[in-house]
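To start, the structure under review is shown below, and the notes come after it.
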Amino acid sequence: MKLFYRKFGQGQPLIILHGLFGQSDNWNSLAKQFSEQGFEVYIVDQRNHGLSPHSDEWNYKVMSEDIFELIDDLKLQNVILLGHSMGGKTVMQFALDHENMLDKLIVADIAPKYYPLHHQIVLQALEAVDFKTIKTRREAEDILNTYITDFGTKQFLLKNIYWKENGELAWRFNLDVIIKKIENIGEATPNENSCNTPTLFIRGEKSNYILDEDLDMIHEVFPRSMLETISDAGHWVHAEKPKAFYDCVINFIK
């Protein structure tokens with residue numbers, strides 16, 4: 001699949017993948033900062049998200065192959081991959097599939113383990129927004145307010161609303177497929193093989209996505225990995241503490 005991407009700067013390629021319900025422009029600010037340090041930064045919309053195509057096929061294997069196709073099409077070498085949450089699972093899958101194409105790997109606040117389904121409330125909220133009757137973003141926000149109390153989460157989701165050609169609002173992401181196949185997103189990264197690419201795991205101190213007891217498993221799959229914890233940050237570690245996240249990544253890749 002030909003993915004949509006934005007490019008910043010010149011130098012060693014650094015590809016950044018967003019998480020579930022995200023899109024490439026969530027990373028604009030950090031991408032520009034990385035590009036100023038001599039990196040050619042690509043922020044990418046994964047399939048069924050942003051401006052990339054929609055597909056009924058949606059799992060980490062096909063998302064990994066999407067990244068392979070992107071790297072192959074652009075003839076990139078010595079690639080650094082960075083992924084947050086769902087994007088982190090994608091880059092881990094890619095590293096196991098195509099280790100020879102990578103220089104370094106950065107995984108933000110996700111482990112290679114299985115995660116039980118935990119997006120039910122968000123999915124209910126999104127399903128409740130009926131764009132056949134809702135004609136303004138404010139009406140959509142009012143619906144989300146009845147399900148979701150966290151302001152940041154609501155704004156993050158609302159960024160995905162756009163006007164279709166027929167003047168009807170819609171979600172950028174492929175909600176139907178996400179609902180049908182959401183359990184794929186919690187699947188564990190295969191651990192039959194290991195990846196010796198130097199790898200940085202970053203977690204938020206207040207997040208419960210990477211626990212201390214996960215470290216042995218992480219080292220089994222990624223034996224050349226290290227873990228950094230960013231103080232006073234949750235799961236959205238790059239958005240909550242962008243300066244600390246930037247410093248952490250730059251220190252690792254430079």
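Please note that chains go A, B, ... in the order of the structure tokens, that every chain numbers its residues from 1, and that ligands are numbered from 1 in the order shown.
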
Give me, as a compact mmCIF listing (two decimals) with N, CA and C atoms, in the first residue's frame, all polymer residues having an atom no more than 12 Å from Tyr60 (chain A), counting only C-alpha atoms and skipping those fewer than 5 positions away in the same chain.
# COMPACT_ATOMS: atom_id res chain seq x y z
N GLN A 46 -0.38 5.68 8.84
CA GLN A 46 -0.54 4.25 8.65
C GLN A 46 -1.88 3.96 7.96
N ARG A 47 -1.98 2.76 7.37
CA ARG A 47 -3.22 2.42 6.67
C ARG A 47 -4.43 2.58 7.59
N GLU A 65 4.65 -4.47 6.22
CA GLU A 65 4.95 -4.51 4.78
C GLU A 65 4.68 -3.17 4.11
N ASP A 66 3.72 -2.39 4.64
CA ASP A 66 3.53 -1.03 4.13
C ASP A 66 4.79 -0.19 4.30
N ILE A 67 5.44 -0.34 5.45
CA ILE A 67 6.68 0.42 5.71
C ILE A 67 7.80 -0.09 4.81
N MET A 86 0.48 1.92 18.92
CA MET A 86 0.26 1.05 17.77
C MET A 86 1.42 1.16 16.79
N GLY A 87 1.92 2.38 16.58
CA GLY A 87 3.08 2.56 15.71
C GLY A 87 4.31 1.86 16.25
N GLY A 88 4.43 1.78 17.58
CA GLY A 88 5.53 1.05 18.20
C GLY A 88 5.45 -0.44 17.91
N LYS A 89 4.23 -0.98 17.92
CA LYS A 89 4.06 -2.39 17.57
C LYS A 89 4.40 -2.62 16.10
N THR A 90 4.05 -1.66 15.24
CA THR A 90 4.38 -1.79 13.82
C THR A 90 5.89 -1.81 13.61
N VAL A 91 6.60 -0.89 14.26
CA VAL A 91 8.05 -0.85 14.04
C VAL A 91 8.75 -2.07 14.64
N MET A 92 8.22 -2.61 15.74
CA MET A 92 8.80 -3.85 16.28
C MET A 92 8.60 -5.00 15.31
N GLN A 93 7.40 -5.09 14.72
CA GLN A 93 7.15 -6.13 13.72
C GLN A 93 8.09 -5.97 12.54
N PHE A 94 8.26 -4.73 12.07
CA PHE A 94 9.16 -4.47 10.95
C PHE A 94 10.59 -4.88 11.29
N ALA A 95 11.02 -4.55 12.49
CA ALA A 95 12.40 -4.88 12.89
C ALA A 95 12.64 -6.39 12.86
N LEU A 96 11.64 -7.16 13.23
CA LEU A 96 11.79 -8.62 13.19
C LEU A 96 11.70 -9.14 11.75
N ASP A 97 10.95 -8.44 10.90
CA ASP A 97 10.79 -8.88 9.51
C ASP A 97 11.96 -8.45 8.63
N PRO A 112 6.30 -5.48 23.60
CA PRO A 112 5.90 -6.48 22.60
C PRO A 112 4.88 -7.50 23.12
N LYS A 181 -11.80 -5.05 13.79
CA LYS A 181 -10.52 -5.73 13.95
C LYS A 181 -9.68 -5.12 15.08
N ILE A 182 -10.33 -4.48 16.05
CA ILE A 182 -9.59 -3.80 17.10
C ILE A 182 -8.73 -4.77 17.92
N GLU A 183 -9.16 -6.03 18.02
CA GLU A 183 -8.39 -6.99 18.81
C GLU A 183 -7.01 -7.24 18.19
N ASN A 184 -6.85 -7.02 16.89
CA ASN A 184 -5.54 -7.19 16.26
C ASN A 184 -4.51 -6.23 16.85
N ILE A 185 -4.98 -5.07 17.32
CA ILE A 185 -4.06 -4.04 17.80
C ILE A 185 -3.43 -4.42 19.14
N GLY A 186 -4.08 -5.30 19.89
CA GLY A 186 -3.51 -5.75 21.16
C GLY A 186 -2.60 -6.95 21.04
N GLU A 187 -2.48 -7.51 19.84
CA GLU A 187 -1.71 -8.75 19.68
C GLU A 187 -0.25 -8.57 20.05
N ALA A 188 0.33 -9.61 20.61
CA ALA A 188 1.75 -9.59 20.96
C ALA A 188 2.61 -9.63 19.71
N THR A 189 3.77 -9.01 19.79
CA THR A 189 4.77 -9.11 18.73
C THR A 189 5.36 -10.52 18.76
N PRO A 190 5.46 -11.20 17.61
CA PRO A 190 6.01 -12.57 17.62
C PRO A 190 7.40 -12.61 18.25

Excluding Ile148 (chain A) and any residue of its chain fewer than 6 positions from it, enumerate the residues within 8 Å of it, using only C-alpha atoms, and give them as a PDB file with C-alpha atoms, in the first residue's frame.
ATOM      1  CA  ILE A 121     -15.544   3.601  25.584  1.00  0.00           C
ATOM      2  CA  VAL A 122     -13.731   5.489  22.822  1.00  0.00           C
ATOM      3  CA  ALA A 125     -18.230   7.389  21.544  1.00  0.00           C
ATOM      4  CA  LYS A 154     -11.468  14.484  22.836  1.00  0.00           C
TER       5      LYS A 154
END

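One finds CA of Asn251 (chain A) at 19.6 Å from CA of Phe8 (chain A).
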
(message) as an MDAnalysis selection string, please: the residues near Lys254 (chain A) (cut-off 10 Å, only C-alpha atoms, same-chain neighbours under 4 positions excluded).
(response) chainID A and resid 37:39 249:250
